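Novice: Please find model16.cif (mmCIF, C-alpha atoms and all ligand atoms) on the next line:
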data_final
loop_
_atom_site.label_atom_id
_atom_site.label_comp_id
_atom_site.auth_asym_id
_atom_site.auth_seq_id
_atom_site.Cartn_x
_atom_site.Cartn_y
_atom_site.Cartn_z
CA MET S 1 0.00 0.00 0.00
CA ALA S 2 1.00 3.62 -0.43
CA THR S 3 3.34 4.86 2.30
CA ASP S 4 1.01 7.68 3.43
CA ILE S 5 -1.65 5.19 4.55
CA PRO S 6 -1.27 4.64 8.32
CA ASN S 7 -1.29 1.19 9.94
CA GLN S 8 -4.04 2.13 12.38
CA MET S 9 -7.25 4.14 12.16
CA LYS S 10 -10.11 5.41 14.29
CA ALA S 11 -13.35 3.46 13.93
CA LEU S 12 -16.83 3.30 15.49
CA ARG S 13 -17.57 -0.30 16.40
CA ILE S 14 -20.73 -1.90 17.76
CA HIS S 15 -19.93 -4.73 20.17
CA GLY S 16 -23.29 -6.47 20.41
CA VAL S 17 -27.08 -6.38 20.68
CA GLY S 18 -28.38 -4.22 23.51
CA GLU S 19 -25.57 -1.64 23.40
CA LYS S 20 -26.67 1.96 23.14
CA TYR S 21 -23.69 3.49 21.33
CA TYR S 22 -20.71 2.65 19.16
CA LYS S 23 -17.28 2.54 20.81
CA LEU S 24 -14.64 4.83 19.31
CA GLU S 25 -11.62 2.55 18.91
CA GLN S 26 -8.22 2.27 17.29
CA VAL S 27 -8.07 -0.64 14.81
CA ASP S 28 -5.82 -1.83 11.97
CA VAL S 29 -6.27 -0.29 8.51
CA PRO S 30 -7.30 -3.19 6.23
CA SER S 31 -5.43 -4.02 3.00
CA PRO S 32 -7.39 -4.45 -0.26
CA LYS S 33 -7.23 -7.86 -1.95
CA GLY S 34 -8.71 -9.15 -5.22
CA TYR S 35 -11.48 -6.83 -6.43
CA GLU S 36 -11.32 -4.66 -3.31
CA ALA S 37 -10.61 -0.95 -3.09
CA LEU S 38 -9.43 0.85 0.02
CA ILE S 39 -11.34 4.11 0.46
CA LYS S 40 -10.29 7.03 2.63
CA VAL S 41 -13.75 7.80 3.99
CA GLY S 42 -14.92 11.41 3.54
CA ALA S 43 -18.42 10.96 4.95
CA ALA S 44 -20.63 8.06 6.08
CA GLY S 45 -24.37 8.10 6.67
CA LEU S 46 -26.29 6.63 9.59
CA CYS S 47 -29.29 4.56 8.46
CA HIS S 48 -32.27 3.01 10.24
CA THR S 49 -30.73 -0.41 9.48
CA ASP S 50 -27.68 0.53 11.58
CA MET S 51 -30.03 0.98 14.52
CA MET S 52 -31.54 -2.48 13.86
CA LEU S 53 -28.10 -3.94 14.69
CA PHE S 54 -28.29 -2.40 18.16
CA THR S 55 -31.72 -3.90 18.80
CA GLY S 56 -31.00 -7.27 17.19
CA GLU S 57 -33.81 -6.84 14.62
CA PHE S 58 -31.14 -7.36 11.98
CA LYS S 59 -29.23 -10.50 12.89
CA THR S 60 -25.47 -10.63 12.55
CA ASP S 61 -22.81 -12.59 14.40
CA LYS S 62 -19.95 -10.39 13.23
CA TYR S 63 -19.45 -8.27 16.37
CA PRO S 64 -17.41 -6.18 16.96
CA LEU S 65 -18.38 -4.51 13.72
CA ILE S 66 -17.65 -1.10 12.19
CA GLY S 67 -21.03 0.45 11.36
CA SER S 68 -22.47 2.31 8.32
CA HIS S 69 -23.23 1.14 4.81
CA GLU S 70 -23.40 4.66 3.35
CA PRO S 71 -19.82 5.49 2.31
CA ALA S 72 -18.36 8.29 0.23
CA GLY S 73 -14.64 8.84 -0.06
CA THR S 74 -11.45 8.71 -2.10
CA VAL S 75 -9.84 5.59 -3.55
CA VAL S 76 -6.35 5.23 -2.02
CA ALA S 77 -5.40 1.62 -2.84
CA LEU S 78 -6.62 -1.23 -5.05
CA GLY S 79 -6.45 -5.03 -4.86
CA GLU S 80 -4.59 -6.94 -7.59
CA ASP S 81 -7.78 -7.67 -9.62
CA ALA S 82 -9.32 -4.20 -9.18
CA LYS S 83 -7.08 -2.40 -11.66
CA GLY S 84 -9.19 -0.81 -14.39
CA THR S 85 -12.31 -0.48 -12.23
CA VAL S 86 -11.64 2.86 -10.52
CA LYS S 87 -8.55 5.07 -10.24
CA ILE S 88 -6.46 5.97 -7.21
CA GLY S 89 -7.54 9.47 -6.13
CA GLN S 90 -11.05 9.09 -7.60
CA ARG S 91 -13.99 10.30 -5.46
CA VAL S 92 -16.50 7.50 -5.17
CA ALA S 93 -19.72 6.45 -3.48
CA GLY S 94 -20.01 2.78 -2.56
CA MET S 95 -22.53 -0.03 -2.62
CA LEU S 96 -22.90 -2.07 0.54
CA HIS S 97 -22.49 -5.42 -1.28
CA ARG S 98 -19.16 -7.22 -1.11
CA ASP S 99 -18.14 -10.68 -2.31
CA VAL S 100 -21.27 -11.30 -4.39
CA CYS S 101 -20.87 -15.01 -5.23
CA GLY S 102 -21.56 -14.97 -8.98
CA GLU S 103 -22.76 -18.57 -8.79
CA CYS S 104 -26.17 -18.58 -7.10
CA THR S 105 -29.43 -18.46 -9.05
CA ASP S 106 -29.86 -14.71 -8.35
CA CYS S 107 -26.35 -13.90 -9.54
CA LYS S 108 -26.77 -16.04 -12.67
CA ALA S 109 -30.15 -14.38 -13.33
CA GLY S 110 -28.47 -10.96 -13.30
CA LEU S 111 -29.96 -10.07 -9.90
CA PRO S 112 -26.80 -9.87 -7.76
CA LYS S 113 -28.35 -7.47 -5.22
CA TYR S 114 -30.40 -10.44 -4.00
CA CYS S 115 -27.33 -12.74 -3.71
CA PRO S 116 -27.80 -14.58 -0.40
CA ASN S 117 -24.06 -15.24 -0.18
CA SER S 118 -22.84 -11.65 -0.43
CA LEU S 119 -21.48 -9.64 2.47
CA TYR S 120 -23.01 -6.30 3.45
CA THR S 121 -20.67 -3.58 4.68
CA GLY S 122 -21.68 -2.21 8.05
CA ILE S 123 -24.03 -5.18 8.58
CA THR S 124 -22.16 -8.46 8.07
CA THR S 125 -18.69 -7.01 7.49
CA ASN S 126 -16.94 -3.79 8.50
CA GLY S 127 -18.49 -0.56 7.22
CA ALA S 128 -17.75 3.12 6.74
CA PHE S 129 -17.69 4.57 10.26
CA ALA S 130 -13.88 4.53 10.08
CA GLU S 131 -11.13 6.57 8.50
CA TYR S 132 -10.63 3.83 5.89
CA GLU S 133 -12.94 1.18 4.48
CA ILE S 134 -12.71 -1.79 2.11
CA LEU S 135 -15.32 -1.75 -0.68
CA ASP S 136 -15.82 -3.87 -3.78
CA ALA S 137 -14.20 -1.80 -6.55
CA ARG S 138 -16.63 -3.19 -9.14
CA TYR S 139 -19.63 -1.61 -7.43
CA LEU S 140 -18.39 1.94 -6.95
CA ALA S 141 -19.93 5.01 -8.59
CA PRO S 142 -18.03 8.23 -9.30
CA ILE S 143 -19.22 11.25 -7.32
CA PRO S 144 -20.01 14.22 -9.59
CA ASP S 145 -17.48 17.07 -9.06
CA GLU S 146 -20.10 19.47 -7.71
CA MET S 147 -21.29 17.04 -5.02
CA SER S 148 -19.74 16.93 -1.52
CA PHE S 149 -18.93 13.69 0.31
CA GLU S 150 -21.62 14.42 2.90
CA GLN S 151 -24.24 14.85 0.17
CA ALA S 152 -23.04 11.74 -1.70
CA ALA S 153 -23.05 9.43 1.35
CA PRO S 154 -26.84 9.34 1.92
CA MET S 155 -27.35 8.60 -1.79
CA THR S 156 -25.78 5.15 -1.33
CA CYS S 157 -28.70 3.83 0.74
CA ALA S 158 -31.50 6.35 1.34
CA GLY S 159 -31.09 7.89 -2.12
CA ILE S 160 -30.66 4.72 -4.15
CA THR S 161 -33.48 2.95 -2.27
CA ILE S 162 -36.09 5.61 -2.96
CA TYR S 163 -34.80 6.20 -6.51
CA THR S 164 -35.12 2.48 -7.31
CA ALA S 165 -38.61 2.42 -5.76
CA ILE S 166 -39.71 5.39 -7.91
CA LYS S 167 -38.47 3.55 -11.00
CA LYS S 168 -40.31 0.39 -9.89
CA ALA S 169 -43.56 2.37 -9.65
CA LYS S 170 -43.27 2.75 -13.45
CA LEU S 171 -45.13 6.06 -13.72
CA LYS S 172 -45.04 8.39 -16.71
CA PRO S 173 -44.31 12.12 -16.39
CA GLY S 174 -47.44 13.91 -15.18
CA GLN S 175 -48.77 10.92 -13.27
CA ILE S 176 -49.21 11.27 -9.52
CA LEU S 177 -46.77 9.69 -7.07
CA ALA S 178 -47.45 9.92 -3.35
CA ILE S 179 -44.64 9.31 -0.87
CA SER S 180 -45.72 8.41 2.65
CA GLY S 181 -43.10 9.42 5.21
CA LEU S 182 -40.96 12.51 4.62
CA GLY S 183 -37.91 11.39 6.57
CA ALA S 184 -34.55 10.54 5.02
CA LEU S 185 -35.90 8.54 2.06
CA GLY S 186 -39.06 10.55 1.58
CA HIS S 187 -37.53 14.02 1.43
CA LEU S 188 -35.02 12.80 -1.17
CA GLY S 189 -37.75 10.92 -3.04
CA VAL S 190 -40.05 13.91 -3.51
CA GLN S 191 -37.16 15.90 -5.04
CA MET S 192 -36.17 13.03 -7.35
CA ALA S 193 -39.77 12.41 -8.43
CA LYS S 194 -40.23 16.12 -9.21
CA ALA S 195 -36.99 16.08 -11.21
CA MET S 196 -38.32 13.06 -13.12
CA GLY S 197 -41.42 15.01 -14.16
CA LEU S 198 -43.96 13.37 -11.86
CA THR S 199 -46.70 15.16 -9.95
CA VAL S 200 -45.76 14.57 -6.33
CA VAL S 201 -47.66 14.30 -3.06
CA GLY S 202 -45.79 14.14 0.25
CA ILE S 203 -47.46 12.72 3.36
CA ASP S 204 -46.36 12.72 6.98
CA ALA S 205 -47.91 12.99 10.43
CA ARG S 206 -45.10 15.07 11.97
CA PRO S 207 -44.97 18.86 11.50
CA GLU S 208 -41.13 19.16 11.27
CA PRO S 209 -40.57 16.97 8.19
CA ILE S 210 -43.62 18.51 6.49
CA ALA S 211 -42.32 22.06 7.02
CA MET S 212 -38.85 21.03 5.84
CA THR S 213 -40.25 19.32 2.73
CA GLU S 214 -42.49 22.28 1.85
CA GLY S 215 -39.39 24.49 1.91
CA LEU S 216 -37.46 22.37 -0.60
CA ARG S 217 -36.65 23.91 -3.98
CA LEU S 218 -38.12 20.76 -5.56
CA ALA S 219 -41.05 20.66 -3.14
CA PRO S 220 -44.01 18.31 -3.71
CA ASP S 221 -47.07 19.68 -5.53
CA LEU S 222 -49.05 18.87 -2.41
CA CYS S 223 -48.02 18.15 1.19
CA ILE S 224 -50.52 16.36 3.38
CA ASP S 225 -50.54 16.32 7.19
CA ALA S 226 -52.22 12.98 7.88
CA THR S 227 -53.23 14.13 11.36
CA SER S 228 -55.43 16.93 10.02
CA LEU S 229 -56.86 15.48 6.80
CA LYS S 230 -58.82 12.22 6.58
CA ALA S 231 -57.75 9.88 3.77
CA GLU S 232 -61.00 10.48 1.83
CA GLU S 233 -60.41 14.25 2.10
CA ALA S 234 -56.82 13.78 0.97
CA VAL S 235 -58.06 11.90 -2.11
CA GLU S 236 -60.15 14.96 -3.08
CA GLU S 237 -57.11 17.24 -2.65
CA ILE S 238 -54.99 14.89 -4.75
CA HIS S 239 -57.72 14.85 -7.42
CA LYS S 240 -57.38 18.63 -7.81
CA LEU S 241 -53.84 18.00 -9.14
CA ARG S 242 -55.29 16.22 -12.20
CA PRO S 243 -55.47 18.17 -15.46
CA LYS S 244 -58.87 19.49 -16.57
CA GLY S 245 -60.83 16.84 -18.40
CA TYR S 246 -59.21 13.91 -16.57
CA GLU S 247 -61.76 11.16 -16.29
CA GLY S 248 -59.79 8.49 -14.44
CA TRP S 249 -59.87 7.25 -10.88
CA LYS S 250 -59.36 9.43 -7.84
CA GLY S 251 -56.15 9.14 -5.80
CA ALA S 252 -52.44 8.71 -6.45
CA ASP S 253 -51.37 6.50 -9.37
CA ALA S 254 -48.70 4.99 -7.13
CA THR S 255 -47.74 5.37 -3.49
CA ILE S 256 -44.39 4.57 -1.89
CA LEU S 257 -44.50 3.62 1.78
CA THR S 258 -41.36 4.66 3.66
CA SER S 259 -42.87 4.66 7.14
CA ASP S 260 -43.77 1.84 9.54
CA PRO S 261 -46.93 2.61 11.57
CA LEU S 262 -50.11 0.72 10.69
CA SER S 263 -51.99 4.03 10.56
CA ALA S 264 -49.55 5.29 7.91
CA GLN S 265 -49.89 2.04 5.95
CA ARG S 266 -53.71 2.29 5.90
CA TYR S 267 -53.65 5.96 4.95
CA ALA S 268 -51.17 5.37 2.12
CA MET S 269 -53.25 2.50 0.77
CA ASP S 270 -56.50 4.48 0.98
CA ILE S 271 -55.14 7.43 -1.00
CA THR S 272 -53.87 5.15 -3.80
CA ARG S 273 -56.28 4.94 -6.74
CA ARG S 274 -58.01 1.79 -7.98
CA HIS S 275 -55.64 -0.36 -10.09
CA GLY S 276 -52.75 1.68 -8.68
CA THR S 277 -49.38 0.52 -7.36
CA TYR S 278 -48.28 0.39 -3.73
CA VAL S 279 -44.51 0.16 -3.25
CA VAL S 280 -43.16 -0.86 0.16
CA VAL S 281 -39.64 0.17 1.14
CA SER S 282 -40.10 0.44 4.91
CA GLN S 283 -39.61 -2.69 7.00
CA PRO S 284 -42.44 -2.72 9.55
CA ASP S 285 -42.85 -5.73 11.87
CA ASP S 286 -46.44 -5.91 10.75
CA LEU S 287 -47.50 -5.08 7.20
CA ARG S 288 -51.27 -5.14 6.68
CA PHE S 289 -53.67 -5.00 3.79
CA THR S 290 -57.03 -6.60 3.09
CA TYR S 291 -58.38 -8.75 0.30
CA GLN S 292 -60.55 -5.77 -0.67
CA ASP S 293 -57.34 -3.79 -1.34
CA ILE S 294 -55.93 -6.36 -3.72
CA ILE S 295 -59.08 -7.94 -5.19
CA PHE S 296 -61.78 -5.27 -5.46
CA LYS S 297 -59.48 -2.23 -5.58
CA ASP S 298 -56.97 -4.24 -7.64
CA LEU S 299 -53.92 -2.65 -6.05
CA THR S 300 -50.57 -4.07 -7.07
CA ILE S 301 -48.46 -4.35 -3.92
CA ILE S 302 -44.73 -4.67 -4.48
CA GLY S 303 -41.57 -4.28 -2.45
CA SER S 304 -38.35 -2.64 -3.54
CA LEU S 305 -34.88 -3.50 -2.25
CA HIS S 306 -32.04 -0.96 -2.28
CA GLY S 307 -30.59 -0.82 -5.81
CA TRP S 308 -27.55 -1.67 -7.89
CA THR S 309 -24.52 0.23 -9.19
CA GLU S 310 -26.33 1.57 -12.28
CA ASP S 311 -29.10 2.93 -10.04
CA LEU S 312 -26.49 4.60 -7.82
CA LYS S 313 -24.81 6.22 -10.83
CA GLU S 314 -28.17 7.41 -12.17
CA CYS S 315 -29.32 8.81 -8.85
CA LEU S 316 -26.00 10.62 -8.22
CA ASP S 317 -26.22 12.17 -11.71
CA LEU S 318 -29.89 13.11 -11.23
CA ALA S 319 -29.07 14.73 -7.88
CA ALA S 320 -26.12 16.67 -9.33
CA LYS S 321 -28.10 17.80 -12.39
CA HIS S 322 -31.13 19.01 -10.43
CA GLY S 323 -29.44 20.14 -7.22
CA ILE S 324 -31.20 17.48 -5.13
CA LYS S 325 -29.88 17.65 -1.60
CA SER S 326 -30.34 15.84 1.69
CA GLU S 327 -31.23 17.88 4.72
CA LEU S 328 -28.14 17.01 6.78
CA SER S 329 -27.08 16.91 10.39
CA CYS S 330 -23.29 16.40 10.31
CA TYR S 331 -21.25 15.00 13.20
CA LYS S 332 -17.52 14.55 13.84
CA LEU S 333 -16.16 11.30 15.30
CA ASP S 334 -16.05 12.65 18.86
CA LYS S 335 -19.78 13.52 18.64
CA HIS S 336 -20.86 10.02 17.58
CA GLU S 337 -23.16 9.55 20.57
CA GLU S 338 -25.07 12.70 19.62
CA MET S 339 -25.37 11.28 16.11
CA VAL S 340 -26.98 8.07 17.42
CA ASP S 341 -29.26 10.09 19.72
CA SER S 342 -30.42 12.14 16.71
CA VAL S 343 -32.07 9.05 15.20
CA HIS S 344 -34.33 8.67 18.22
CA ASP S 345 -35.40 12.34 18.15
CA SER S 346 -39.01 12.54 16.98
CA LYS S 347 -38.35 16.04 15.58
CA ARG S 348 -35.52 14.68 13.42
CA LYS S 349 -35.61 15.58 9.76
CA GLY S 350 -33.33 14.47 6.96
CA LYS S 351 -30.12 12.48 7.39
CA SER S 352 -27.46 12.18 10.08
CA VAL S 353 -23.97 11.90 8.59
CA LEU S 354 -20.52 11.35 10.10
CA VAL S 355 -17.89 13.56 8.44
CA PHE S 356 -14.13 13.04 8.57
ZN ZN P 401 -29.50 1.82 4.83
ZN ZN P 402 -24.80 -14.97 -5.61
#
Could the structure of this file be written out as structure tokens, please?
Specialist:
Amino acid sequence: MATDIPNQMKALRIHGVGEKYYKLEQVDVPSPKGYEALIKVGAAGLCHTDMMLFTGEFKTDKYPLIGSHEPAGTVVALGEDAKGTVKIGQRVAGMLHRDVCGECTDCKAGLPKYCPNSLYTGITTNGAFAEYEILDARYLAPIPDEMSFEQAAPMTCAGITIYTAIKKAKLKPGQILAISGLGALGHLGVQMAKAMGLTVVGIDARPEPIAMTEGLRLAPDLCIDATSLKAEEAVEEIHKLRPKGYEGWKGADATILTSDPLSAQRYAMDITRRHGTYVVVSQPDDLRFTYQDIIFKDLTIIGSLHGWTEDLKECLDLAAKHGIKSELSCYKLDKHEEMVDSVHDSKRKGKSVLVF
């Protein structure tokens, strides 16, 4: 490795289920092998999934583990097979997948993001809450020059997940997309959907994210506070967004669910039009719908998982082109406990990011 790379680095490690915070520790800087790239981390996002490692909702036996699967940084070293993928000195955003097997049915079907044998950085192998991180060089995306590391980092999970879900909704420009939940994914999603030419409705039950979303340059065409408008009233408001002469069904053509509560699920389903599409990206313990929803209303209910390198490249380019930004709370390493606390703050809006 290059001589200016130290032997040791600072890292935030989780030591097991039930802990409240990461421990700030000194660990060895890893060396890249095979298709791996060593990244000097510029910024790393904190995601809801990171919190699921503290509670044990996401099972892993890889403790102690460096957290975060939302990396952005600079390539400083490459494994022997990684030459020609990215260049030393290049600014990149990373996918969480590592060691995709290439041999399972998903990999052979061209669906490597579902590979059950792959490692996930920050979840089943060390992640980006460290000064350096190993990533798979084949799944890196260049960061556009005008984009900072702290803006690029949330794109690698929150951004790519909502971008892929919008694509999966398969709407045409002018059609109505509702996004339920205006947190990290939702506030990015409304901006992306506007940039993609959709008519956009944002829904939340908390005043802070609604106010933040209404203030965005690419704000939704309509923001709904679910605590003050019944679903049937919301449908009428959404209908007013239709062009004159529209004779179709009332409600959103597709709705993306990014929030967990059952009340939010019901609301999101009720404001989706007949024969519409309901895309689930949140991971609630209990996901409910009725036979009326899928038989008589003929809703198509689908899920959407993260994304792949092409999606990451597209969403970084879309964000750079249209000035799509995350609302950020940035933290230095010594403030990592405040960063974790921020996730549990009900007034939280946007993304919490660790910056180096
Ligand atoms: Zn995530
Ligand atoms: Zn595989």
Novice: Dump the neighbourhood of ligand ZN 401 (chain P) as a ChimeraX atom specification: all residues within 9 Å, distances computed on all atoms listed in the file.
Specialist: /S:45-50,68-70,96,154,156-158,161,306
Novice: Check every protein, DNA and RNA residue against ligand ZN 402 (chain P), keep those with an atom at most 8 Å away (counting only C-alpha atoms and all ligand atoms), and present them as a PDB file with C-alpha atoms, in the frame of the given file.
Specialist:
ATOM      1  CA  VAL S 100     -21.270 -11.300  -4.390  1.00  0.00           C
ATOM      2  CA  CYS S 101     -20.870 -15.010  -5.230  1.00  0.00           C
ATOM      3  CA  GLY S 102     -21.560 -14.970  -8.980  1.00  0.00           C
ATOM      4  CA  GLU S 103     -22.760 -18.570  -8.790  1.00  0.00           C
ATOM      5  CA  CYS S 104     -26.170 -18.580  -7.100  1.00  0.00           C
ATOM      6  CA  THR S 105     -29.430 -18.460  -9.050  1.00  0.00           C
ATOM      7  CA  ASP S 106     -29.860 -14.710  -8.350  1.00  0.00           C
ATOM      8  CA  CYS S 107     -26.350 -13.900  -9.540  1.00  0.00           C
ATOM      9  CA  LYS S 108     -26.770 -16.040 -12.670  1.00  0.00           C
ATOM     10  CA  PRO S 112     -26.800  -9.870  -7.760  1.00  0.00           C
ATOM     11  CA  TYR S 114     -30.400 -10.440  -4.000  1.00  0.00           C
ATOM     12  CA  CYS S 115     -27.330 -12.740  -3.710  1.00  0.00           C
ATOM     13  CA  PRO S 116     -27.800 -14.580  -0.400  1.00  0.00           C
ATOM     14  CA  ASN S 117     -24.060 -15.240  -0.180  1.00  0.00           C
ATOM     15  CA  SER S 118     -22.840 -11.650  -0.430  1.00  0.00           C
TER      16      SER S 118
END
Novice: Identify, on the basis of only C-alpha atoms, every residue whose closest approach to region 213-226 of chain S does not exceed 8 Å; exclude the query and any residue fewer than 4 positions from it along the same chain; express the result as a ChimeraX atom specification.
Specialist: /S:182,187,190-191,194-195,199-207,209,230-231,234,238,241,267,324
Novice: If I take CA of Val353 (chain S) and CA of Tyr331 (chain S), how far is one from the other in Å, to one decimal?
Specialist: 6.2 Å
Novice: Can you pull out the residues contacting Ile294 (chain S)? Cut-off 12 Å, using all atoms listed in the file, and skip same-chain residues under 2 positions away; I want them as a compact mmCIF listing (two decimals) with C-alpha atoms, keeping the file's coordinate frame.
Specialist:
# COMPACT_ATOMS: atom_id res chain seq x y z
CA MET S 269 -53.25 2.50 0.77
CA ASP S 270 -56.50 4.48 0.98
CA THR S 272 -53.87 5.15 -3.80
CA ARG S 273 -56.28 4.94 -6.74
CA ARG S 274 -58.01 1.79 -7.98
CA HIS S 275 -55.64 -0.36 -10.09
CA GLY S 276 -52.75 1.68 -8.68
CA THR S 277 -49.38 0.52 -7.36
CA TYR S 278 -48.28 0.39 -3.73
CA ARG S 288 -51.27 -5.14 6.68
CA PHE S 289 -53.67 -5.00 3.79
CA THR S 290 -57.03 -6.60 3.09
CA TYR S 291 -58.38 -8.75 0.30
CA GLN S 292 -60.55 -5.77 -0.67
CA PHE S 296 -61.78 -5.27 -5.46
CA LYS S 297 -59.48 -2.23 -5.58
CA ASP S 298 -56.97 -4.24 -7.64
CA LEU S 299 -53.92 -2.65 -6.05
CA THR S 300 -50.57 -4.07 -7.07
CA ILE S 301 -48.46 -4.35 -3.92
CA ILE S 302 -44.73 -4.67 -4.48
Novice: Check the smallest atom-to-atom distance from each of S:Lys20, S:Lys168, S:His336, S:His97 to Gly56 (chain S) using only C-alpha atoms, then report the winner.
Specialist: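 Smallest separation from Gly56 (chain S) among the options: S:Lys20.
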Novice: Which of these, S:Ile5, S:Ala184, S:Glu310, S:Gln175, has the shortest distance to Ala252 (chain S) once you count all atoms listed in the file?
Specialist: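 For Ala252 (chain S), the nearest of the candidates is S:Gln175.
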Novice: Identify which of the residues S:Ile210, S:Cys330, S:Ala82, S:Ala178 lies closest to Leu38 (chain S), counting only C-alpha atoms when measuring atom-to-atom distances.
Specialist: S:Ala82
Novice: For the interface of region 101-218 of chain S with region 26-29 of chain S (cut-off 9 Å, counting only C-alpha atoms), please tabulate each contacting residue of region 101-218 of chain S alongside its nearest pair of atoms and their separation in Å to one decimal, rows sorted by chain and increasing number, as JSON lines.
Specialist:
{"residue": "S:Glu131", "atom": "CA", "partner": "S:Val29", "partner_atom": "CA", "distance": 8.4}
{"residue": "S:Tyr132", "atom": "CA", "partner": "S:Val29", "partner_atom": "CA", "distance": 6.5}
{"residue": "S:Glu133", "atom": "CA", "partner": "S:Val29", "partner_atom": "CA", "distance": 7.9}
Novice: At what distance in Å, to one decimal, does CA of Thr74 (chain S) lie from CA of Gly127 (chain S)?
Specialist: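 So the two atoms, CA of Gly127 (chain S) and CA of Thr74 (chain S), lie 14.9 Å apart.
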Novice: Quick check, in Å to one decimal: how far apart do CA of Met51 (chain S) and CA of Gly16 (chain S) lie?
Specialist: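 Rounded to one decimal, the two atoms are 11.6 Å apart.
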Novice: With distances taken over all atoms listed in the file, which of S:Glu80, S:Asp99, S:Glu314, S:Glu208 is nearest to Ser346 (chain S)?
Specialist: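 Among the listed residues, the smallest separation from Ser346 (chain S) belongs to S:Glu208.
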Novice: From the options S:Gly42, S:Pro6, S:Gly94, S:Pro32, which residue's atoms come nearest to Leu140 (chain S), counting all atoms listed in the file?
Specialist: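 The closest residue to Leu140 (chain S) is S:Gly94.
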Novice: Fewer than 2 positions away in the same chain doesn't count, so skip those; otherwise give me all residues within 9 Å of Asp285 (chain S), counting all atoms listed in the file, as a count of residues only.
Specialist: 3
Novice: Anything within 12 Å of (-20.2, 3.7, -1.3): list those residues as a PyMOL selection string, counting only C-alpha atoms and sticking to the file's coordinates.
Specialist: chain S and resi 37-45+68-75+91-98+120-122+127-129+132-143+149-160+308-309+312-313+316
Novice: Return the single residue from S:Ser329, S:Asn126, S:Ser180, S:Thr227 that is closest to Leu257 (chain S), with distances computed using all atoms listed in the file.
Specialist: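 Under the stated criterion, the closest residue is S:Ser180.
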Novice: How big is the axis-aligned box around all listed atoms of region 317-331 of chain S once 3 Å goes on each side, and where's its centre, in Å to one decimal, as JSON?
Specialist:
{"center_x": -26.2, "center_y": 16.2, "center_z": 0.4, "size_x": 16.0, "size_y": 14.0, "size_z": 31.6}
